[in-house]
>>> print(open('query11.cif').read())   # mmCIF, C-alpha atoms
data_entry
#
loop_
_atom_site.group_PDB
_atom_site.id
_atom_site.type_symbol
_atom_site.label_atom_id
_atom_site.label_comp_id
_atom_site.auth_asym_id
_atom_site.auth_seq_id
_atom_site.Cartn_x
_atom_site.Cartn_y
_atom_site.Cartn_z
ATOM 1 C CA MET J 1 0.000 0.000 0.000
ATOM 2 C CA SER J 2 1.379 3.372 -0.925
ATOM 3 C CA ALA J 3 0.753 6.352 1.307
ATOM 4 C CA ALA J 4 -0.543 8.646 -1.403
ATOM 5 C CA LYS J 5 -1.318 12.222 -0.555
ATOM 6 C CA PRO J 6 -4.862 13.489 -1.290
ATOM 7 C CA GLU J 7 -3.527 15.782 -4.014
ATOM 8 C CA THR J 8 -2.093 12.901 -5.964
ATOM 9 C CA ILE J 9 -5.376 11.051 -5.751
ATOM 10 C CA SER J 10 -7.435 13.931 -7.103
ATOM 11 C CA ALA J 11 -4.799 14.737 -9.690
ATOM 12 C CA GLY J 12 -5.095 11.224 -11.043
ATOM 13 C CA ALA J 13 -8.878 11.183 -10.925
ATOM 14 C CA ARG J 14 -9.232 11.064 -14.689
ATOM 15 C CA TYR J 15 -11.515 8.455 -16.119
ATOM 16 C CA THR J 16 -9.824 5.526 -17.719
ATOM 17 C CA GLU J 17 -11.210 2.233 -18.860
ATOM 18 C CA PHE J 18 -9.780 0.450 -15.836
ATOM 19 C CA HIS J 19 -10.448 3.066 -13.248
ATOM 20 C CA PRO J 20 -13.878 3.357 -11.638
ATOM 21 C CA ARG J 21 -15.436 6.815 -11.816
ATOM 22 C CA TRP J 22 -15.972 8.546 -8.506
ATOM 23 C CA TYR J 23 -19.487 8.251 -7.305
ATOM 24 C CA ARG J 24 -20.960 11.711 -6.941
ATOM 25 C CA ARG J 25 -24.616 12.427 -6.658
ATOM 26 C CA ARG J 26 -25.663 15.364 -8.734
ATOM 27 C CA VAL J 27 -27.161 18.166 -6.703
ATOM 28 C CA SER J 28 -30.015 20.099 -8.240
ATOM 29 C CA VAL J 29 -29.779 23.859 -8.670
ATOM 30 C CA TYR J 30 -32.974 24.079 -6.615
ATOM 31 C CA TRP J 31 -31.738 21.975 -3.690
ATOM 32 C CA TRP J 32 -32.603 24.772 -1.253
ATOM 33 C CA LEU J 33 -36.335 24.663 -2.095
ATOM 34 C CA GLY J 34 -36.778 21.250 -0.506
ATOM 35 C CA GLN J 35 -36.609 22.086 3.167
ATOM 36 C CA ARG J 36 -37.514 25.066 5.294
ATOM 37 C CA GLN J 37 -34.056 25.199 6.873
ATOM 38 C CA TYR J 38 -32.376 25.306 3.467
ATOM 39 C CA LEU J 39 -34.767 27.960 2.227
ATOM 40 C CA LYS J 40 -34.071 30.016 5.337
ATOM 41 C CA PHE J 41 -30.354 29.661 4.681
ATOM 42 C CA ILE J 42 -30.654 30.901 1.101
ATOM 43 C CA LEU J 43 -32.935 33.789 2.106
ATOM 44 C CA ARG J 44 -30.435 34.769 4.778
ATOM 45 C CA GLU J 45 -27.626 34.688 2.226
ATOM 46 C CA LEU J 46 -29.730 36.741 -0.192
ATOM 47 C CA SER J 47 -30.192 39.433 2.454
ATOM 48 C CA SER J 48 -26.719 40.587 1.420
ATOM 49 C CA VAL J 49 -28.171 41.742 -1.899
ATOM 50 C CA PHE J 50 -30.433 44.145 -0.022
ATOM 51 C CA VAL J 51 -27.510 45.321 2.095
ATOM 52 C CA ALA J 52 -25.744 46.249 -1.139
ATOM 53 C CA LEU J 53 -28.920 47.838 -2.492
ATOM 54 C CA PHE J 54 -29.110 50.047 0.585
ATOM 55 C CA VAL J 55 -25.528 51.199 0.045
ATOM 56 C CA VAL J 56 -26.246 52.037 -3.602
ATOM 57 C CA GLU J 57 -29.314 53.995 -2.532
ATOM 58 C CA MET J 58 -27.276 55.851 0.048
ATOM 59 C CA LEU J 59 -24.611 56.734 -2.524
ATOM 60 C CA PHE J 60 -27.336 58.209 -4.750
ATOM 61 C CA GLN J 61 -28.647 60.127 -1.745
ATOM 62 C CA LEU J 62 -25.183 61.523 -1.005
ATOM 63 C CA ALA J 63 -24.735 62.488 -4.658
ATOM 64 C CA ALA J 64 -28.108 64.265 -4.573
ATOM 65 C CA LEU J 65 -27.134 66.100 -1.383
ATOM 66 C CA LYS J 66 -23.877 67.155 -3.015
ATOM 67 C CA ASN J 67 -25.695 68.470 -6.095
ATOM 68 C CA GLY J 68 -27.845 70.879 -4.124
ATOM 69 C CA PRO J 69 -31.389 71.334 -2.761
ATOM 70 C CA GLN J 70 -33.139 70.821 -6.117
ATOM 71 C CA ALA J 71 -31.346 67.529 -6.804
ATOM 72 C CA TYR J 72 -32.171 66.382 -3.287
ATOM 73 C CA ALA J 73 -35.856 67.265 -3.693
ATOM 74 C CA ASP J 74 -35.908 65.212 -6.909
ATOM 75 C CA PHE J 75 -34.296 62.306 -5.080
ATOM 76 C CA GLN J 76 -36.895 62.550 -2.305
ATOM 77 C CA SER J 77 -39.774 62.418 -4.757
ATOM 78 C CA LEU J 78 -38.163 59.371 -6.368
ATOM 79 C CA LEU J 79 -38.151 57.708 -2.926
ATOM 80 C CA GLN J 80 -41.886 58.455 -2.658
ATOM 81 C CA SER J 81 -42.823 56.470 -5.744
ATOM 82 C CA PRO J 82 -44.819 53.357 -4.810
ATOM 83 C CA PHE J 83 -42.360 51.011 -6.506
ATOM 84 C CA VAL J 84 -39.394 52.337 -4.532
ATOM 85 C CA ILE J 85 -41.354 52.282 -1.274
ATOM 86 C CA ALA J 86 -42.349 48.650 -1.891
ATOM 87 C CA LEU J 87 -38.749 47.771 -2.721
ATOM 88 C CA ASN J 88 -37.517 49.491 0.423
ATOM 89 C CA ILE J 89 -40.063 47.678 2.595
ATOM 90 C CA ILE J 90 -38.883 44.339 1.180
ATOM 91 C CA ALA J 91 -35.275 45.426 1.695
ATOM 92 C CA LEU J 92 -36.071 46.406 5.281
ATOM 93 C CA LEU J 93 -37.552 42.968 5.985
ATOM 94 C CA PHE J 94 -34.449 41.269 4.576
ATOM 95 C CA VAL J 95 -32.081 43.520 6.498
ATOM 96 C CA MET J 96 -34.007 42.869 9.720
ATOM 97 C CA PHE J 97 -33.767 39.150 8.962
ATOM 98 C CA HIS J 98 -30.021 39.549 8.531
ATOM 99 C CA ALA J 99 -29.715 41.443 11.806
ATOM 100 C CA ILE J 100 -31.731 38.942 13.843
ATOM 101 C CA THR J 101 -29.987 35.872 12.401
ATOM 102 C CA TRP J 102 -26.622 37.587 12.853
ATOM 103 C CA PHE J 103 -27.217 38.404 16.511
ATOM 104 C CA ASN J 104 -28.578 34.928 17.204
ATOM 105 C CA LEU J 105 -25.491 33.394 15.626
ATOM 106 C CA ALA J 106 -23.150 35.010 18.146
ATOM 107 C CA PRO J 107 -23.780 32.456 20.947
ATOM 108 C CA SER J 108 -22.913 29.564 18.594
ATOM 109 C CA ALA J 109 -19.893 31.269 17.084
ATOM 110 C CA MET J 110 -18.567 32.417 20.448
ATOM 111 C CA PRO J 111 -19.559 30.193 23.384
ATOM 112 C CA VAL J 112 -19.060 32.174 26.570
ATOM 113 C CA ARG J 113 -18.168 30.341 29.768
ATOM 114 C CA LEU J 114 -18.457 31.758 33.226
ATOM 115 C CA GLY J 115 -17.224 29.787 36.217
ATOM 116 C CA GLY J 116 -16.935 26.613 34.146
ATOM 117 C CA ARG J 117 -20.546 26.734 32.952
ATOM 118 C CA ARG J 118 -21.738 27.813 29.581
ATOM 119 C CA VAL J 119 -23.690 31.051 29.596
ATOM 120 C CA PRO J 120 -27.170 30.495 28.081
ATOM 121 C CA ALA J 121 -27.487 31.494 24.433
ATOM 122 C CA PHE J 122 -29.994 34.302 24.988
ATOM 123 C CA MET J 123 -27.642 35.927 27.522
ATOM 124 C CA VAL J 124 -24.920 36.111 24.872
ATOM 125 C CA ALA J 125 -27.285 37.432 22.192
ATOM 126 C CA ALA J 126 -29.035 39.930 24.482
ATOM 127 C CA PRO J 127 -26.271 42.611 24.521
ATOM 128 C CA SER J 128 -26.415 42.756 20.716
ATOM 129 C CA TYR J 129 -30.129 43.509 20.855
ATOM 130 C CA VAL J 130 -29.639 46.154 23.531
ATOM 131 C CA MET J 131 -26.919 47.765 21.429
ATOM 132 C CA TRP J 132 -29.107 47.525 18.326
ATOM 133 C CA ILE J 133 -31.940 49.411 20.031
ATOM 134 C CA ALA J 134 -29.608 52.008 21.554
ATOM 135 C CA ILE J 135 -27.865 52.705 18.231
ATOM 136 C CA SER J 136 -31.188 52.872 16.375
ATOM 137 C CA VAL J 137 -32.553 55.416 18.839
ATOM 138 C CA PHE J 138 -29.357 57.454 18.616
ATOM 139 C CA VAL J 139 -29.320 57.478 14.803
ATOM 140 C CA GLY J 140 -32.996 58.400 14.773
ATOM 141 C CA TRP J 141 -32.291 61.281 17.131
ATOM 142 C CA MET J 142 -29.307 62.494 15.093
ATOM 143 C CA VAL J 143 -31.352 62.556 11.880
ATOM 144 C CA THR J 144 -34.602 64.030 13.147
ATOM 145 C CA ARG J 145 -33.455 66.468 15.833
ATOM 146 C CA MET E 1 -4.531 28.563 -5.286
ATOM 147 C CA ALA E 2 -3.523 32.026 -4.268
ATOM 148 C CA LYS E 3 -7.036 32.967 -3.201
ATOM 149 C CA GLN E 4 -7.214 30.347 -0.493
ATOM 150 C CA SER E 5 -4.679 32.175 1.641
ATOM 151 C CA ASN E 6 -6.651 35.431 1.434
ATOM 152 C CA GLU E 7 -9.801 33.752 2.664
ATOM 153 C CA ALA E 8 -9.297 34.784 6.300
ATOM 154 C CA PHE E 9 -8.821 38.417 5.309
ATOM 155 C CA PHE E 10 -12.028 38.481 3.289
ATOM 156 C CA TRP E 11 -13.853 36.684 6.051
ATOM 157 C CA VAL E 12 -12.861 39.352 8.581
ATOM 158 C CA LEU E 13 -14.212 42.034 6.227
ATOM 159 C CA PHE E 14 -17.365 39.955 5.794
ATOM 160 C CA SER E 15 -18.017 39.584 9.482
ATOM 161 C CA ALA E 16 -17.147 43.185 10.349
ATOM 162 C CA GLY E 17 -19.546 44.229 7.600
ATOM 163 C CA GLY E 18 -22.162 41.875 8.976
ATOM 164 C CA VAL E 19 -22.035 43.549 12.388
ATOM 165 C CA VAL E 20 -22.134 47.061 10.933
ATOM 166 C CA ALA E 21 -24.970 46.181 8.553
ATOM 167 C CA ALA E 22 -27.003 44.489 11.289
ATOM 168 C CA LEU E 23 -26.667 47.351 13.765
ATOM 169 C CA LEU E 24 -26.987 50.344 11.457
ATOM 170 C CA ILE E 25 -28.805 49.614 8.213
ATOM 171 C CA PRO E 26 -32.264 48.731 9.601
ATOM 172 C CA VAL E 27 -32.760 52.089 11.310
ATOM 173 C CA GLN E 28 -31.444 54.111 8.383
ATOM 174 C CA LEU E 29 -33.464 52.171 5.853
ATOM 175 C CA PHE E 30 -36.570 52.478 8.006
ATOM 176 C CA LEU E 31 -36.183 56.242 8.330
ATOM 177 C CA PHE E 32 -35.125 57.216 4.801
ATOM 178 C CA GLY E 33 -36.770 54.432 2.836
ATOM 179 C CA VAL E 34 -40.105 54.038 4.632
ATOM 180 C CA ALA E 35 -40.916 56.494 7.426
ATOM 181 C CA PHE E 36 -39.965 59.762 5.688
ATOM 182 C CA PRO E 37 -41.393 58.928 2.220
ATOM 183 C CA LEU E 38 -44.688 57.778 3.758
ATOM 184 C CA GLY E 39 -44.854 60.812 6.021
ATOM 185 C CA TRP E 40 -44.870 58.825 9.272
ATOM 186 C CA LEU E 41 -42.150 61.143 10.512
ATOM 187 C CA PRO E 42 -41.282 64.669 9.338
ATOM 188 C CA ALA E 43 -38.353 64.392 6.920
ATOM 189 C CA PRO E 44 -35.281 66.463 7.801
ATOM 190 C CA SER E 45 -34.721 69.490 5.609
ATOM 191 C CA TYR E 46 -31.880 69.737 3.128
ATOM 192 C CA GLY E 47 -30.030 72.155 5.372
ATOM 193 C CA SER E 48 -30.236 70.107 8.531
ATOM 194 C CA LEU E 49 -29.198 66.930 6.715
ATOM 195 C CA MET E 50 -26.217 68.740 5.200
ATOM 196 C CA ALA E 51 -25.292 70.009 8.650
ATOM 197 C CA VAL E 52 -25.219 66.422 9.956
ATOM 198 C CA VAL E 53 -23.324 65.080 6.946
ATOM 199 C CA SER E 54 -20.689 67.796 7.132
ATOM 200 C CA LEU E 55 -19.555 66.595 10.565
ATOM 201 C CA PRO E 56 -16.250 64.744 9.976
ATOM 202 C CA LEU E 57 -17.195 61.934 12.341
ATOM 203 C CA VAL E 58 -20.493 61.350 10.534
ATOM 204 C CA ARG E 59 -18.692 61.210 7.207
ATOM 205 C CA LEU E 60 -16.200 58.702 8.567
ATOM 206 C CA TYR E 61 -19.105 56.673 9.933
ATOM 207 C CA LEU E 62 -20.897 56.689 6.574
ATOM 208 C CA PHE E 63 -17.710 55.716 4.772
ATOM 209 C CA VAL E 64 -17.109 52.736 7.050
ATOM 210 C CA LEU E 65 -20.767 51.727 6.785
ATOM 211 C CA CYS E 66 -20.681 51.801 2.962
ATOM 212 C CA SER E 67 -17.386 50.045 2.570
ATOM 213 C CA LEU E 68 -17.767 47.238 5.105
ATOM 214 C CA SER E 69 -21.361 46.561 4.048
ATOM 215 C CA LEU E 70 -20.219 46.164 0.455
ATOM 216 C CA PHE E 71 -17.462 43.736 1.421
ATOM 217 C CA HIS E 72 -20.006 41.849 3.498
ATOM 218 C CA TRP E 73 -22.215 41.607 0.412
ATOM 219 C CA ALA E 74 -19.319 40.570 -1.835
ATOM 220 C CA HIS E 75 -18.399 37.603 0.344
ATOM 221 C CA ARG E 76 -21.903 36.402 1.033
ATOM 222 C CA PHE E 77 -23.192 36.856 -2.483
ATOM 223 C CA ARG E 78 -20.169 35.039 -3.885
ATOM 224 C CA TYR E 79 -20.985 31.994 -1.804
ATOM 225 C CA THR E 80 -24.694 32.265 -2.564
ATOM 226 C CA LEU E 81 -23.808 31.892 -6.221
ATOM 227 C CA TYR E 82 -21.370 29.050 -5.549
ATOM 228 C CA ASP E 83 -23.561 26.993 -3.248
ATOM 229 C CA GLY E 84 -27.047 28.214 -3.992
ATOM 230 C CA LEU E 85 -26.984 28.352 -7.750
ATOM 231 C CA ARG E 86 -24.107 25.892 -8.226
ATOM 232 C CA VAL E 87 -22.182 28.102 -10.653
ATOM 233 C CA LYS E 88 -18.745 26.951 -9.581
ATOM 234 C CA HIS E 89 -17.317 27.141 -13.086
ATOM 235 C CA LEU E 90 -17.573 30.949 -13.047
ATOM 236 C CA ASN E 91 -15.408 31.242 -9.930
ATOM 237 C CA GLU E 92 -12.983 33.834 -11.224
ATOM 238 C CA VAL E 93 -15.614 36.025 -12.883
ATOM 239 C CA ILE E 94 -17.821 36.071 -9.787
ATOM 240 C CA PHE E 95 -14.878 36.814 -7.532
ATOM 241 C CA THR E 96 -13.808 39.748 -9.688
ATOM 242 C CA LEU E 97 -17.315 41.167 -10.049
ATOM 243 C CA CYS E 98 -18.143 40.924 -6.335
ATOM 244 C CA TYR E 99 -14.950 42.364 -4.906
ATOM 245 C CA GLY E 100 -14.522 44.728 -7.832
ATOM 246 C CA GLY E 101 -17.993 46.078 -7.074
ATOM 247 C CA ALA E 102 -17.118 46.500 -3.421
ATOM 248 C CA VAL E 103 -13.897 48.350 -4.257
ATOM 249 C CA ILE E 104 -15.647 50.656 -6.744
ATOM 250 C CA GLY E 105 -18.455 51.348 -4.250
ATOM 251 C CA THR E 106 -15.888 52.172 -1.585
ATOM 252 C CA ALA E 107 -14.104 54.557 -3.949
ATOM 253 C CA VAL E 108 -17.383 56.295 -4.885
ATOM 254 C CA ALA E 109 -18.336 56.622 -1.220
ATOM 255 C CA GLY E 110 -14.913 58.055 -0.420
ATOM 256 C CA TYR E 111 -15.117 60.565 -3.257
ATOM 257 C CA LEU E 112 -18.669 61.690 -2.400
ATOM 258 C CA LEU E 113 -18.016 62.015 1.310
ATOM 259 C CA TRP E 114 -14.720 63.813 0.748
ATOM 260 C CA THR E 115 -16.227 66.395 -1.596
ATOM 261 C CA ILE E 116 -19.740 66.772 -0.194
ATOM 262 C CA ALA E 117 -19.035 69.672 2.155
#
>>> encode(input="query11.cif", output="structure tokens")
Amino acid sequence: MSAAKPETISAGARYTEFHPRWYRRRVSVYWWLGQRQYLKFILRELSSVFVALFVVEMLFQLAALKNGPQAYADFQSLLQSPFVIALNIIALLFVMFHAITWFNLAPSAMPVRLGGRRVPAFMVAAPSYVMWIAISVFVGWMVTR
Amino acid sequence: MAKQSNEAFFWVLFSAGGVVAALLIPVQLFLFGVAFPLGWLPAPSYGSLMAVVSLPLVRLYLFVLCSLSLFHWAHRFRYTLYDGLRVKHLNEVIFTLCYGGAVIGTAVAGYLLWTIA
């Protein structure tokens, strides 16, 4: 028996008449539609698209601010069109989904131990939620004061 | 593969962006995208918004928010395409488009925030 390294195995994994082909089950493109957990995973991953969309929107807002009051008024009326409002509501739902799943992930990613015992998951996630609320209130105050 | 060794670096950007996006985007999107356009809250005037944006600390904050959020998107979206849609053969193209987009977005944000006031 030769102690072959994994690289040499995969490098030689070409089909020949005398070599069996590796057994690999083909995975459908729609594998994530089958189960709720998979669907949730894909929706969570897709939330990043709405994160990027928010940034693009904000860049347009900054450009409008830079171009003066008239440009900003035009931008505001664009934001008032029903299509954009609907899009922003969907984006908000996705971003909230991202935030909640992100905060809830912290206890699994970073198990905290105190006095030899594991701190319950909600105790690790709770500070994130407190910070979330505090920051939201502060930003709201900064913008509307 | 040269990219493999950079994975940790991109992952740090991804997770920093994830924190920033989770804490900051919901409130800003709620205010500017929903509450102000629907008139639930009185929208800030042009002048008062400019006054806030001209504070150096606010501009730094907006720059970090834009940049890290985009790198968060780049990483996550890349893997959504790999795993979700099984387009592994377009590896290089997707990598370039995602991170290229994040770099361009960061540059635009930097330019706008530098020159806005």
>>> closest_residue(input="query11.cif", among="J:Ser81, J:Ser48, J:Gln61, J:Asn67", to="chain E", atoms="all atoms listed in the file")
J:Ser48
>>> interface_residues(input="query11.cif", of="chain E", to="chain J", cutoff="9 Å", atoms="only C-alpha atoms", output="PyMOL selection string")
chain E and resi 18-19+21-34+36-38+41-44+46-50+52-53+65-67+69-70+72-77+79-80+83-87+102+105+108-109+112-113+115-117
>>> atom_distance(input="query11.cif", atom1="CA of Arg118 in chain J", atom2="CA of Leu13 in chain E")
28.4 Å
>>> atom_distance(input="query11.cif", atom1="CA of Gln37 in chain J", atom2="CA of Ile90 in chain J")
20.5 Å
>>> atom_distance(input="query11.cif", atom1="CA of Trp11 in chain E", atom2="CA of Pro111 in chain J")
19.4 Å
>>> decode(input="query11.cif", residues="range 13-66 of chain J", atoms="C-alpha atoms", output="PDB file, in the first residue's frame")
ATOM      1  CA  ALA J  13      -8.878  11.183 -10.925  1.00  0.00           C
ATOM      2  CA  ARG J  14      -9.232  11.064 -14.689  1.00  0.00           C
ATOM      3  CA  TYR J  15     -11.515   8.455 -16.119  1.00  0.00           C
ATOM      4  CA  THR J  16      -9.824   5.526 -17.719  1.00  0.00           C
ATOM      5  CA  GLU J  17     -11.210   2.233 -18.860  1.00  0.00           C
ATOM      6  CA  PHE J  18      -9.780   0.450 -15.836  1.00  0.00           C
ATOM      7  CA  HIS J  19     -10.448   3.066 -13.248  1.00  0.00           C
ATOM      8  CA  PRO J  20     -13.878   3.357 -11.638  1.00  0.00           C
ATOM      9  CA  ARG J  21     -15.436   6.815 -11.816  1.00  0.00           C
ATOM     10  CA  TRP J  22     -15.972   8.546  -8.506  1.00  0.00           C
ATOM     11  CA  TYR J  23     -19.487   8.251  -7.305  1.00  0.00           C
ATOM     12  CA  ARG J  24     -20.960  11.711  -6.941  1.00  0.00           C
ATOM     13  CA  ARG J  25     -24.616  12.427  -6.658  1.00  0.00           C
ATOM     14  CA  ARG J  26     -25.663  15.364  -8.734  1.00  0.00           C
ATOM     15  CA  VAL J  27     -27.161  18.166  -6.703  1.00  0.00           C
ATOM     16  CA  SER J  28     -30.015  20.099  -8.240  1.00  0.00           C
ATOM     17  CA  VAL J  29     -29.779  23.859  -8.670  1.00  0.00           C
ATOM     18  CA  TYR J  30     -32.974  24.079  -6.615  1.00  0.00           C
ATOM     19  CA  TRP J  31     -31.738  21.975  -3.690  1.00  0.00           C
ATOM     20  CA  TRP J  32     -32.603  24.772  -1.253  1.00  0.00           C
ATOM     21  CA  LEU J  33     -36.335  24.663  -2.095  1.00  0.00           C
ATOM     22  CA  GLY J  34     -36.778  21.250  -0.506  1.00  0.00           C
ATOM     23  CA  GLN J  35     -36.609  22.086   3.167  1.00  0.00           C
ATOM     24  CA  ARG J  36     -37.514  25.066   5.294  1.00  0.00           C
ATOM     25  CA  GLN J  37     -34.056  25.199   6.873  1.00  0.00           C
ATOM     26  CA  TYR J  38     -32.376  25.306   3.467  1.00  0.00           C
ATOM     27  CA  LEU J  39     -34.767  27.960   2.227  1.00  0.00           C
ATOM     28  CA  LYS J  40     -34.071  30.016   5.337  1.00  0.00           C
ATOM     29  CA  PHE J  41     -30.354  29.661   4.681  1.00  0.00           C
ATOM     30  CA  ILE J  42     -30.654  30.901   1.101  1.00  0.00           C
ATOM     31  CA  LEU J  43     -32.935  33.789   2.106  1.00  0.00           C
ATOM     32  CA  ARG J  44     -30.435  34.769   4.778  1.00  0.00           C
ATOM     33  CA  GLU J  45     -27.626  34.688   2.226  1.00  0.00           C
ATOM     34  CA  LEU J  46     -29.730  36.741  -0.192  1.00  0.00           C
ATOM     35  CA  SER J  47     -30.192  39.433   2.454  1.00  0.00           C
ATOM     36  CA  SER J  48     -26.719  40.587   1.420  1.00  0.00           C
ATOM     37  CA  VAL J  49     -28.171  41.742  -1.899  1.00  0.00           C
ATOM     38  CA  PHE J  50     -30.433  44.145  -0.022  1.00  0.00           C
ATOM     39  CA  VAL J  51     -27.510  45.321   2.095  1.00  0.00           C
ATOM     40  CA  ALA J  52     -25.744  46.249  -1.139  1.00  0.00           C
ATOM     41  CA  LEU J  53     -28.920  47.838  -2.492  1.00  0.00           C
ATOM     42  CA  PHE J  54     -29.110  50.047   0.585  1.00  0.00           C
ATOM     43  CA  VAL J  55     -25.528  51.199   0.045  1.00  0.00           C
ATOM     44  CA  VAL J  56     -26.246  52.037  -3.602  1.00  0.00           C
ATOM     45  CA  GLU J  57     -29.314  53.995  -2.532  1.00  0.00           C
ATOM     46  CA  MET J  58     -27.276  55.851   0.048  1.00  0.00           C
ATOM     47  CA  LEU J  59     -24.611  56.734  -2.524  1.00  0.00           C
ATOM     48  CA  PHE J  60     -27.336  58.209  -4.750  1.00  0.00           C
ATOM     49  CA  GLN J  61     -28.647  60.127  -1.745  1.00  0.00           C
ATOM     50  CA  LEU J  62     -25.183  61.523  -1.005  1.00  0.00           C
ATOM     51  CA  ALA J  63     -24.735  62.488  -4.658  1.00  0.00           C
ATOM     52  CA  ALA J  64     -28.108  64.265  -4.573  1.00  0.00           C
ATOM     53  CA  LEU J  65     -27.134  66.100  -1.383  1.00  0.00           C
ATOM     54  CA  LYS J  66     -23.877  67.155  -3.015  1.00  0.00           C
TER      55      LYS J  66
END
